[in-house]
Every structure is written in structure tokens, then in C-alpha cells.
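Step one of this worksheet: look at the structure below.
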Amino acid sequence: MNAVLLSLAILFILSLCRIHIALAMIIASAVGGLTGSLGLTETINVFTEGLKDNAAIALSYALLGAFAAGLTETGLPERLVQRVVKLVTNKQLSGRASKVTPVVVVLAVAFIACLSQNAVPVHIAFIPVLIPPLLSLFNQLHIDRRAIANALTFGLITPYMVLPVGFGAIFHETVAANMSKNGMAIDVSMLPKAMLLPAVGMVLGLLTAVFFSYRKPKTYKPVQITTSTTNFEEDVDTQTAGTGASPAIKTIAGLASIAAMLVVQLSTDSMIYGAGSGLIVLLLFRIMSRNRSNQVFTDGMRTMAYIGFVMMSAAGLGAVLRATGDIETLVQSCVELVGSSRPMAAILILIIGLLVTMGIGSSFSTIPLIVTVFVPLCIELGFSPLATTALIGTAAALGDAGSPASDSTLGPTSGLNADGQHDHIWGTCVPTFLHYNIPLLIFGFIAAMVL
């Protein structure tokens with residue numbers, strides 16, 4: 001049997017059985033290497049050597065985690081919650097406003113989620129801070145929480161697909177680097193253009209969820225979580241007290257660190273130096289004691305290290321699959337299967353990307369796995385670099401929405417289920433799968449045909 005197919009099948013099955021994804025990749029690489037006649041020692045050596053391919057990306061994730069933790073210490077996330085609550089609760093919930101406000105709230109949540117991936121790259125760390133205090137407000141407005149889940153997932157996925165800042169920079173660099181490594185060079189600056197049409201599909205999915213699927217009011221039991229803006233102010237003041245800096249100074253420090261992170265990243269094209277510069281600004285403002293800052297940064301790096309290790313494991317698995325030589329065999333089999341039909345090839349690539357990402361729960365980690373197989377196939381069938389990029393990027397993003405193991409679904413559920421009234425599978429995974437994966441399949445296919 002083809003070593004690549006067997007390895008990916010093992011990976012998918014182990015992932016569905018809830019085996020830790022890093023361990024599943026190690027097992028899959030061993031199976032692939034032995035089936036591909038590499039031998040155990042050679043398989044281990046190739047896997048170990050391949051780990052370094054994603055080492056820089058893993059460090060980027062770790063530093064972003066530290067930056068997110070440090071930014072939380074400034075009180076900016078808490079103050080954001082305070083402002084949102086004040087803004088919405090001050091509106092009159094009667095007459096025409098009663099129909100407009102729920103939509104405004106859901107779209108506002110989507111907007112804040114978008115900021116968490118690029119402008120203020122804290123990833124899902126903002127959800128436990130923002131969502132639980134707003135549950136009583138959602139209940140007051142009778143908002144279906146499935147709409148909020150779709151809004152959060154939209155904001156966690158769409159920005160990294162199309163915007164080359166924050167996590168988007170990591171995603172774009174990962175796609176470009178892996179494509180170049182497998183025989184098709186693409187400038188990272190072309191990624192936004194390639195991913196624009198798939199991003200349009202995500203927007204349509206969000207609008208469908210908000211204005212059609214979940215527009216009807218839904219009633220929940222009263223929430224025992226305080227959303228008083230006065231309490232928020234007291235909480236923020238308590239957190240900022242005794243740390244050596246006033247709330248105003250901490251706010252300035254937070255904004256300055258974000259500005260430094262964005263400027264340095266965009267000028268150097270390095271997420272590592274961007275996140276590092278943000279951390280330096282936080283240290284220079286001395287918003288935390290030295291011992292406190294070390295603990296905060298370490299804890300922040302630990303929270304994001306999981307994703308980094310998964311991505312490194314994926315790079316090692318990709319190296320083993322390339323070393324078996326069975327990728328070429330698989331490509332030729334795929335070519336024979338689809339013939340000269342580029343539409344059939346595009347559908348095949350997108351569906352396999354969906355299955356792989358659903359299994360491992362990480363679009364970033366999917367890239368090294370699918371690129372090793374499908375870039376040669378795209379070259380063989382004459383896809384342009386832009387079309388290939390759109391296929392690879394979309395295939396990786398597919399499944400991020402709807403996967404039970406994805407941050408993009410686990411994060412929303414953690415916030416919406418704070419009172420035990422939101423189901424992970426039926427409240428988050430199924431709604432996001434339907435509203436985002438179907439449009440991604442359609443618009444990813446269109447992008448591959450027109451670019």
C-alpha cells in the first residue's frame with residue numbers, strides 16, 4: 001500500500017480516537033517510514049531533521065503567547081469588555097432598536113475576534129475574558145448562541161487567511177515556504193490575493209448565520225455571571241493596583257507595545273522580532289515586577305507552545321513522507337484518476353484538506369502534510385502558482401471550522417458554555433462546519449479555476 005496514504009489514514013484514525021496529535025504524528029511517521037522501506041533508524045533521523053523546518057514558526061507562536069499574556073497584564077482586554085458592555089447596555093431595547101441591537105452585538109463580537117488574530121494577536125485568550133460576562137446580555141437580547149459561535153469562529157479564521165499580520169503572517173509564511181520547498185516558488189506577498197475569494201466565502205457564511213440561520217430569538221436560563229460595568233471597573237482597578245503602574249500608564253504601555261509589534265513585524269517580515277519588540281516595550285514600561293514578568297511570559301509561552309510543537313511534528317512527518325518517494329507514486333495515481341480534469345483535481349485537493357484538518361484540528365499543521373502531495377500534482381496539471389496557493393490555503397483552512405479539536409471551535413465553546421447551556425458539537429462544531437466549510441469549498445474551487 002502507498003506509504004503516504006497509509007500514514008495519513010493512521011493519523012486521521014488516531015486523531016479521531018483522541019490520541020494526542022503530536023503522538024499521532026510520530027506514530028504515523030513511523031508507519032509511513034517503515035512502509036516506505038526507510039527503516040526505523042532512517043525514519044527517526046529524517047523525522048528529527050525535518051523538525052527544524054518549522055522551528056521558527058514554533059518560536060513565533062511561543063513569543064506571541066508571551067506577548068498576549070503580557071498584554072493582558074495591562075488591563076486592555078478587561079477595559080475592552082467594560083466599553084462593550086457600556087456601549088450595548090446604554091441602547092434602548094425597544095421598537096426598531098430591539099431588532100437592530102442583536103445584529104450589532106453579533107457583528108461586534110466578530111470584529112473583536114478579528115482583532116485578536118492580527119491587530120492585537122492574543123488568539124483565543126480574549127474569549128474567557130470577553131464572552132462569559134456578556135452571556136446575560138446575550139440572554140436579555142435573546143441572541144442564539146450559535147450565532148455568537150459563528151461570529152467568534154469567523155474572527156479566528158478569516159483574518160489569518162487574508163491579512164499578512166499577526167497569525168496571518170505565520171500562515172502566509174508557512175504556505176509560501178512549504179510550497180517553495182516542494183517545487184513551486186510563490187512570493188508571500190501574493191497570499192492575500194490568492195486567499196481573497198475564499199475569504200469572501202467566509203463573509204457570506206457569517207452573514208447567512210446572522211441574518212438567516214440564527215436570526216430567531218432564543219431563550220436561555222438566567223445567567224449567574226455579573227456584567228455590571230461598575231464591577232468591571234473595580235476589577236480592572238484591582239488588577240492594576242499594586243503593580244507599580246497606574247491604569248493610564250498600563251493602557252499607554254499596551255497600545256505602545258501593539259504599535260511596536262506591528263511596525264517591527266511589517267518592516268522586518270518577522271513575527272519573532274515583532275512579538276519580541278512588543279515584549280520589550282512592556283518591560284521598558286515596567287508594568288510588572290521582574291519576577292512577575294518572567295512568570296507571566298513563561299505561562300504565556302506555555303499556552304501557545306502546544307501549537308508550535310504540533311507544527312514541528314507535522315514538518316517532521318512531511319519530511320518522512322517526502323523521503324519515502326511514495327509521493328511521486330501517489331501524484332501519478334491521482335493524475336490517472338482525475339486525468340487532465342483540473343476541476344476534479346481541485347475538488348480532490350479541497351476534500352482531502354478538509355478531512356486532514358478535521359482530524360488534527362489545526363490548519364497551520366495541515367499545510368506541510370498536504371503540500372508535499374498536492375503541489376507536485378498541481379504542477380503536473382498546470383495550475384498557476386496563484387491557483388495552487390488558493391487551493392493549498394483553502395484546503396488547510398477547511399475543517400478548522402467544525403473540527404472538535406480546533407482552537408477555532410474549542411475557544412468559542414469555552415466562553416459560551418460558561419453557564420453550562422452551550423453544547424460543543426451541536427452548538428459550535430456543526431453550525432460552524434455548515435456555514436464556513438461549504439462556502440470555502442465553493443469559493444476555493446472558484447479561485448482555483450479563475451486564478
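Labels for the C-alpha cells follow display order: chains A, B, ..., residues from 1 in each chain, ligands from 1.
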Legend entry - Phe167 (chain A) surroundings by only C-alpha atoms, 12 Å radius, close-in-sequence under 6 positions cut, as a ChimeraX atom specification: /A:57-58,60-65,114-124,155-161,173-174,262,265,270-272,274-275,304,307,363-364
Keeping N, CA, C and O atoms for every residue in the selection just given, could you write it to a file as a compact mmCIF listing (two decimals), in the first residue's frame?
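Final output, again09.txt:
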```
# COMPACT_ATOMS: atom_id res chain seq x y z
N ILE A 57 8.64 28.99 13.18
CA ILE A 57 7.21 29.23 13.37
C ILE A 57 6.80 28.87 14.79
O ILE A 57 5.99 29.56 15.42
N ALA A 58 7.36 27.79 15.33
CA ALA A 58 7.05 27.40 16.70
C ALA A 58 7.49 28.49 17.69
O ALA A 58 6.78 28.82 18.64
N SER A 60 7.75 31.64 16.95
CA SER A 60 6.83 32.76 16.75
C SER A 60 5.58 32.58 17.61
O SER A 60 5.11 33.52 18.25
N TYR A 61 5.04 31.37 17.62
CA TYR A 61 3.86 31.10 18.42
C TYR A 61 4.14 31.29 19.90
O TYR A 61 3.32 31.86 20.64
N ALA A 62 5.28 30.80 20.35
CA ALA A 62 5.61 30.92 21.77
C ALA A 62 5.73 32.38 22.18
O ALA A 62 5.22 32.80 23.23
N LEU A 63 6.39 33.19 21.35
CA LEU A 63 6.55 34.61 21.67
C LEU A 63 5.21 35.35 21.60
O LEU A 63 4.96 36.27 22.39
N LEU A 64 4.34 34.95 20.67
CA LEU A 64 3.02 35.55 20.62
C LEU A 64 2.22 35.22 21.88
O LEU A 64 1.47 36.05 22.39
N GLY A 65 2.38 34.01 22.38
CA GLY A 65 1.72 33.64 23.62
C GLY A 65 2.21 34.48 24.78
O GLY A 65 1.41 34.94 25.61
N CYS A 114 -11.74 39.24 15.13
CA CYS A 114 -10.80 39.52 14.04
C CYS A 114 -9.56 40.23 14.56
O CYS A 114 -8.42 39.93 14.16
N LEU A 115 -9.75 41.20 15.47
CA LEU A 115 -8.62 41.93 16.03
C LEU A 115 -7.68 41.00 16.78
O LEU A 115 -6.47 41.25 16.83
N SER A 116 -8.21 39.92 17.35
CA SER A 116 -7.39 39.03 18.17
C SER A 116 -6.39 38.23 17.36
O SER A 116 -5.48 37.61 17.91
N GLN A 117 -6.55 38.20 16.04
CA GLN A 117 -5.64 37.45 15.19
C GLN A 117 -4.57 38.32 14.54
O GLN A 117 -3.52 37.81 14.14
N ASN A 118 -4.82 39.61 14.44
CA ASN A 118 -3.91 40.46 13.69
C ASN A 118 -3.47 41.71 14.45
O ASN A 118 -2.31 41.86 14.81
N ALA A 119 -4.41 42.61 14.71
CA ALA A 119 -4.05 43.88 15.34
C ALA A 119 -3.58 43.68 16.77
O ALA A 119 -2.59 44.29 17.21
N VAL A 120 -4.29 42.83 17.52
CA VAL A 120 -3.91 42.50 18.91
C VAL A 120 -3.84 40.99 19.00
O VAL A 120 -4.78 40.34 19.45
N PRO A 121 -2.73 40.37 18.57
CA PRO A 121 -2.68 38.92 18.39
C PRO A 121 -2.64 38.14 19.69
O PRO A 121 -1.60 37.63 20.11
N VAL A 122 -3.80 38.04 20.35
CA VAL A 122 -3.90 37.26 21.58
C VAL A 122 -4.59 35.93 21.34
O VAL A 122 -4.83 35.16 22.28
N HIS A 123 -4.96 35.66 20.09
CA HIS A 123 -5.61 34.41 19.70
C HIS A 123 -6.89 34.21 20.53
O HIS A 123 -7.67 35.14 20.67
N ILE A 124 -7.10 33.03 21.10
CA ILE A 124 -8.36 32.76 21.80
C ILE A 124 -8.32 33.22 23.26
O ILE A 124 -9.30 33.04 23.99
N GLY A 155 -14.03 35.23 13.17
CA GLY A 155 -12.93 36.12 13.53
C GLY A 155 -11.63 35.40 13.80
O GLY A 155 -10.55 35.99 13.66
N LEU A 156 -11.71 34.13 14.18
CA LEU A 156 -10.50 33.36 14.47
C LEU A 156 -9.86 32.77 13.22
O LEU A 156 -8.70 32.35 13.25
N ILE A 157 -10.61 32.71 12.12
CA ILE A 157 -10.10 32.08 10.90
C ILE A 157 -9.85 33.07 9.77
O ILE A 157 -8.76 33.11 9.19
N THR A 158 -10.84 33.88 9.44
CA THR A 158 -10.76 34.73 8.25
C THR A 158 -9.56 35.66 8.23
O THR A 158 -8.90 35.79 7.19
N PRO A 159 -9.22 36.35 9.33
CA PRO A 159 -8.07 37.28 9.27
C PRO A 159 -6.76 36.60 8.89
O PRO A 159 -6.00 37.15 8.10
N TYR A 160 -6.48 35.42 9.45
CA TYR A 160 -5.19 34.80 9.11
C TYR A 160 -5.17 34.31 7.67
O TYR A 160 -4.11 34.14 7.06
N MET A 161 -6.35 34.07 7.09
CA MET A 161 -6.39 33.65 5.70
C MET A 161 -5.93 34.75 4.76
O MET A 161 -5.22 34.48 3.78
N GLU A 173 3.49 32.74 5.62
CA GLU A 173 4.87 32.28 5.52
C GLU A 173 4.94 30.76 5.47
O GLU A 173 5.77 30.19 4.75
N THR A 174 4.07 30.09 6.22
CA THR A 174 4.06 28.63 6.22
C THR A 174 3.66 28.09 4.86
O THR A 174 4.29 27.16 4.33
N LEU A 262 3.46 45.70 15.56
CA LEU A 262 3.01 45.81 14.17
C LEU A 262 4.08 46.46 13.29
O LEU A 262 4.36 45.98 12.18
N GLN A 265 7.12 44.05 12.88
CA GLN A 265 6.79 42.89 12.06
C GLN A 265 6.67 43.25 10.59
O GLN A 265 7.19 42.55 9.72
N SER A 270 9.16 39.65 10.11
CA SER A 270 9.47 38.62 11.10
C SER A 270 8.50 38.72 12.27
O SER A 270 8.48 39.73 12.98
N MET A 271 7.72 37.65 12.49
CA MET A 271 6.83 37.62 13.63
C MET A 271 7.62 37.51 14.92
O MET A 271 7.21 38.00 15.97
N ILE A 272 8.78 36.87 14.85
CA ILE A 272 9.62 36.70 16.04
C ILE A 272 10.08 38.06 16.56
O ILE A 272 9.93 38.37 17.75
N GLY A 274 8.80 40.94 15.75
CA GLY A 274 7.64 41.76 16.06
C GLY A 274 7.14 41.51 17.47
O GLY A 274 6.96 42.44 18.26
N ALA A 275 6.93 40.22 17.80
CA ALA A 275 6.47 39.88 19.15
C ALA A 275 7.52 40.25 20.19
O ALA A 275 7.20 40.73 21.29
N MET A 304 0.85 28.64 24.22
CA MET A 304 0.93 28.56 22.76
C MET A 304 1.93 27.52 22.27
O MET A 304 2.01 27.23 21.09
N ILE A 307 0.67 24.45 20.07
CA ILE A 307 0.51 24.61 18.62
C ILE A 307 1.86 24.53 17.93
O ILE A 307 2.00 23.92 16.87
N SER A 363 -5.23 24.07 11.10
CA SER A 363 -4.99 24.40 9.69
C SER A 363 -3.51 24.64 9.44
O SER A 363 -2.98 24.27 8.39
N PHE A 364 -2.82 25.24 10.40
CA PHE A 364 -1.39 25.51 10.25
C PHE A 364 -0.61 24.21 10.12
O PHE A 364 0.31 24.10 9.32
```
Return as a tab-separated table the residues of region 349-423 of chain A lying at most 9 Å from region 133-137 of chain A, together with the closest atom-to-atom pair for each and the distance in Å to one decimal, counting only C-alpha atoms, with rows in chain order and ascending residue number.
```
residue	atom	partner	partner_atom	distance
A:Gly415	CA	A:Leu135	CA	8.8
A:Leu416	CA	A:Leu135	CA	7.2
A:Ala418	CA	A:Leu135	CA	8.4
A:Asp419	CA	A:Leu135	CA	8.4
```
Limited to all heavy atoms, could you put the picked residues into a file as a CSV table (one decimal), in the first residue's frame?
```csv
chain,number,residue,atom,x,y,z
A,415,GLY,N,-16.1,29.9,26.2
A,415,GLY,CA,-16.8,31.1,26.6
A,415,GLY,C,-18.3,31.0,26.7
A,415,GLY,O,-18.9,31.3,27.7
A,416,LEU,N,-18.9,30.4,25.7
A,416,LEU,CA,-20.4,30.3,25.6
A,416,LEU,C,-21.0,29.3,26.5
A,416,LEU,O,-22.1,29.4,26.9
A,416,LEU,CB,-20.8,30.0,24.1
A,416,LEU,CG,-20.5,31.1,23.1
A,416,LEU,CD1,-20.7,30.6,21.7
A,416,LEU,CD2,-21.4,32.3,23.4
A,418,ALA,N,-20.0,28.8,29.6
A,418,ALA,CA,-19.6,29.2,31.0
A,418,ALA,C,-20.7,28.9,32.0
A,418,ALA,O,-20.4,28.7,33.2
A,418,ALA,CB,-19.2,30.7,31.0
A,419,ASP,N,-22.0,28.9,31.5
A,419,ASP,CA,-23.1,28.6,32.4
A,419,ASP,C,-23.7,27.2,32.1
A,419,ASP,O,-24.8,26.9,32.6
A,419,ASP,CB,-24.2,29.7,32.3
A,419,ASP,CG,-24.7,29.7,30.9
A,419,ASP,OD1,-24.2,29.1,29.9
A,419,ASP,OD2,-25.8,30.4,30.7
```
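Proximity ranking of A:Leu355, A:Ala315, A:Ala30, A:Val165 relative to Val263 (chain A) places A:Val165 first, based on only C-alpha atoms.
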Legend entry - region 127-285 of chain A: residues DSSP assigns to alpha helix (DSSP H), reported as a PyMOL selection string: chain A and resi 127-140+145-162+167-181+191-208+229-240+247-268+271-284
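Of the residues under consideration (A:Asn291, A:Leu317, A:Arg342, A:Ile186), A:Leu317 shows the shortest atom-to-atom contact distance to Leu11 (chain A) when counting only C-alpha atoms.
Counting only C-alpha atoms and comparing A:Leu337, A:Pro132, A:Thr74, A:Tyr214, the residue that lies closest to Gly420 (chain A) is A:Pro132.
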Legend entry - Proximity to Phe433 (chain A) - best of A:Ala113, A:Ile352, A:Ala149, A:Ala260, only C-alpha atoms: A:Ala149
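With only C-alpha atoms as the atoms that count, the residue of A:Leu410, A:Ala199, A:Ala28, A:Val373 with the shortest distance to Asp423 (chain A) is A:Leu410.
The residue that comes closest to Leu451 (chain A), out of A:Leu163, A:Met195, A:Leu207, A:Ile26 and on the basis of only C-alpha atoms, is A:Met195.
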Inset, instruction - Just the residues within 9 Å of Pro439 (chain A), please, counting only C-alpha atoms, with nothing from its chain fewer than 5 positions along; format it as a PyMOL selection string. - result: chain A and resi 198+200-202+204-205+434+444
Could the residues in this selection be saved with all heavy atoms as a PDB file, in the first residue's frame?
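The file below, part_7.pdb, is the result:
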```pdb
ATOM      1  N   PRO A 198     -11.680  32.883  -1.214  1.00  0.00           N
ATOM      2  CA  PRO A 198     -12.104  32.048  -0.083  1.00  0.00           C
ATOM      3  C   PRO A 198     -12.567  32.873   1.121  1.00  0.00           C
ATOM      4  O   PRO A 198     -13.514  32.485   1.810  1.00  0.00           O
ATOM      5  CB  PRO A 198     -10.838  31.243   0.246  1.00  0.00           C
ATOM      6  CG  PRO A 198     -10.113  31.155  -1.054  1.00  0.00           C
ATOM      7  CD  PRO A 198     -10.349  32.479  -1.716  1.00  0.00           C
ATOM      8  N   VAL A 200     -14.068  35.734   0.959  1.00  0.00           N
ATOM      9  CA  VAL A 200     -15.421  36.184   0.628  1.00  0.00           C
ATOM     10  C   VAL A 200     -16.436  35.108   1.012  1.00  0.00           C
ATOM     11  O   VAL A 200     -17.526  35.404   1.519  1.00  0.00           O
ATOM     12  CB  VAL A 200     -15.527  36.519  -0.870  1.00  0.00           C
ATOM     13  CG1 VAL A 200     -16.981  36.759  -1.272  1.00  0.00           C
ATOM     14  CG2 VAL A 200     -14.685  37.755  -1.198  1.00  0.00           C
ATOM     15  N   GLY A 201     -16.088  33.841   0.799  1.00  0.00           N
ATOM     16  CA  GLY A 201     -16.954  32.749   1.204  1.00  0.00           C
ATOM     17  C   GLY A 201     -17.194  32.747   2.703  1.00  0.00           C
ATOM     18  O   GLY A 201     -18.305  32.494   3.173  1.00  0.00           O
ATOM     19  N   MET A 202     -16.148  33.057   3.476  1.00  0.00           N
ATOM     20  CA  MET A 202     -16.304  33.135   4.932  1.00  0.00           C
ATOM     21  C   MET A 202     -17.255  34.260   5.323  1.00  0.00           C
ATOM     22  O   MET A 202     -18.086  34.104   6.228  1.00  0.00           O
ATOM     23  CB  MET A 202     -14.937  33.351   5.582  1.00  0.00           C
ATOM     24  CG  MET A 202     -13.964  32.201   5.457  1.00  0.00           C
ATOM     25  SD  MET A 202     -14.442  30.755   6.426  1.00  0.00           S
ATOM     26  CE  MET A 202     -14.221  31.371   8.097  1.00  0.00           C
ATOM     27  N   LEU A 204     -19.725  35.501   3.530  1.00  0.00           N
ATOM     28  CA  LEU A 204     -21.087  35.075   3.206  1.00  0.00           C
ATOM     29  C   LEU A 204     -21.625  34.079   4.231  1.00  0.00           C
ATOM     30  O   LEU A 204     -22.808  34.099   4.582  1.00  0.00           O
ATOM     31  CB  LEU A 204     -21.122  34.462   1.803  1.00  0.00           C
ATOM     32  CG  LEU A 204     -20.894  35.434   0.638  1.00  0.00           C
ATOM     33  CD1 LEU A 204     -20.936  34.683  -0.686  1.00  0.00           C
ATOM     34  CD2 LEU A 204     -21.942  36.544   0.644  1.00  0.00           C
ATOM     35  N   GLY A 205     -20.753  33.198   4.719  1.00  0.00           N
ATOM     36  CA  GLY A 205     -21.160  32.249   5.740  1.00  0.00           C
ATOM     37  C   GLY A 205     -21.585  32.947   7.022  1.00  0.00           C
ATOM     38  O   GLY A 205     -22.595  32.581   7.640  1.00  0.00           O
ATOM     39  N   LEU A 434     -21.140  23.896   8.878  1.00  0.00           N
ATOM     40  CA  LEU A 434     -22.091  24.147   7.794  1.00  0.00           C
ATOM     41  C   LEU A 434     -21.909  25.532   7.174  1.00  0.00           C
ATOM     42  O   LEU A 434     -21.991  25.691   5.948  1.00  0.00           O
ATOM     43  CB  LEU A 434     -23.520  23.987   8.314  1.00  0.00           C
ATOM     44  CG  LEU A 434     -23.928  22.571   8.753  1.00  0.00           C
ATOM     45  CD1 LEU A 434     -25.323  22.599   9.364  1.00  0.00           C
ATOM     46  CD2 LEU A 434     -23.873  21.607   7.580  1.00  0.00           C
ATOM     47  N   GLY A 444     -13.180  28.289  -2.773  1.00  0.00           N
ATOM     48  CA  GLY A 444     -11.840  27.795  -3.038  1.00  0.00           C
ATOM     49  C   GLY A 444     -11.752  27.169  -4.417  1.00  0.00           C
ATOM     50  O   GLY A 444     -10.759  27.333  -5.138  1.00  0.00           O
TER      51      GLY A 444
END
```
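By chain and then residue number, the residues within 8 Å of Gly393 (chain A) are Met161, Val175, Met195, Ile367, Thr389, Ala390, Ala396 and Ala397 of chain A, counting only C-alpha atoms and disregarding those fewer than 3 positions away in sequence.
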Inset, instruction - Quick one: everything within 9 Å of Ser213 (chain A), counting only C-alpha atoms, minus sequence neighbours fewer than 4 positions away in the same chain. Send it as a ChimeraX atom specification. - result: /A:147,208-209
Polymer residues at most 10 Å from Ile425 (chain A), only C-alpha atoms, same-chain spacing of 6 or more positions, as a compact mmCIF listing (two decimals) with all heavy atoms, in the first residue's frame:
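Output (part.txt):
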```txt
# COMPACT_ATOMS: atom_id res chain seq x y z
N GLY A 402 -15.47 23.68 12.58
CA GLY A 402 -16.18 22.42 12.64
C GLY A 402 -15.41 21.29 13.28
O GLY A 402 -16.01 20.31 13.72
N SER A 403 -14.09 21.40 13.34
CA SER A 403 -13.30 20.33 13.97
C SER A 403 -13.45 20.39 15.49
O SER A 403 -13.23 21.43 16.09
CB SER A 403 -11.83 20.47 13.60
OG SER A 403 -11.04 19.57 14.37
N PRO A 404 -13.80 19.29 16.12
CA PRO A 404 -13.94 19.28 17.58
C PRO A 404 -12.62 19.57 18.30
O PRO A 404 -12.63 19.96 19.47
CB PRO A 404 -14.41 17.86 17.89
CG PRO A 404 -15.03 17.37 16.62
CD PRO A 404 -14.22 18.01 15.53
N THR A 409 -12.96 26.24 17.41
CA THR A 409 -14.24 25.78 17.98
C THR A 409 -14.15 25.61 19.49
O THR A 409 -15.10 25.90 20.21
CB THR A 409 -14.68 24.46 17.35
OG1 THR A 409 -13.68 23.45 17.56
CG2 THR A 409 -14.93 24.62 15.86
N LEU A 410 -13.01 25.16 19.99
CA LEU A 410 -12.84 24.98 21.43
C LEU A 410 -12.90 26.32 22.16
O LEU A 410 -13.48 26.42 23.25
CB LEU A 410 -11.50 24.29 21.71
CG LEU A 410 -11.41 22.81 21.31
CD1 LEU A 410 -9.96 22.34 21.41
CD2 LEU A 410 -12.31 21.96 22.19
N THR A 413 -16.58 27.66 22.43
CA THR A 413 -17.34 26.85 23.38
C THR A 413 -16.94 27.16 24.82
O THR A 413 -17.79 27.20 25.71
CB THR A 413 -17.14 25.35 23.09
OG1 THR A 413 -17.64 25.05 21.79
CG2 THR A 413 -17.88 24.49 24.11
N PRO A 431 -22.73 24.02 13.58
CA PRO A 431 -23.06 25.30 12.93
C PRO A 431 -21.89 25.92 12.17
O PRO A 431 -22.08 26.42 11.05
CB PRO A 431 -23.48 26.19 14.11
CG PRO A 431 -23.97 25.24 15.14
CD PRO A 431 -23.08 24.05 15.01
N THR A 432 -20.70 25.87 12.74
CA THR A 432 -19.56 26.48 12.04
C THR A 432 -19.14 25.64 10.83
O THR A 432 -18.70 26.19 9.82
CB THR A 432 -18.37 26.66 13.00
OG1 THR A 432 -18.01 25.40 13.59
CG2 THR A 432 -18.71 27.65 14.10
```
Legend entry - Between CA of Thr268 (chain A) and CA of Pro368 (chain A), distance in Å (one decimal): 24.1 Å
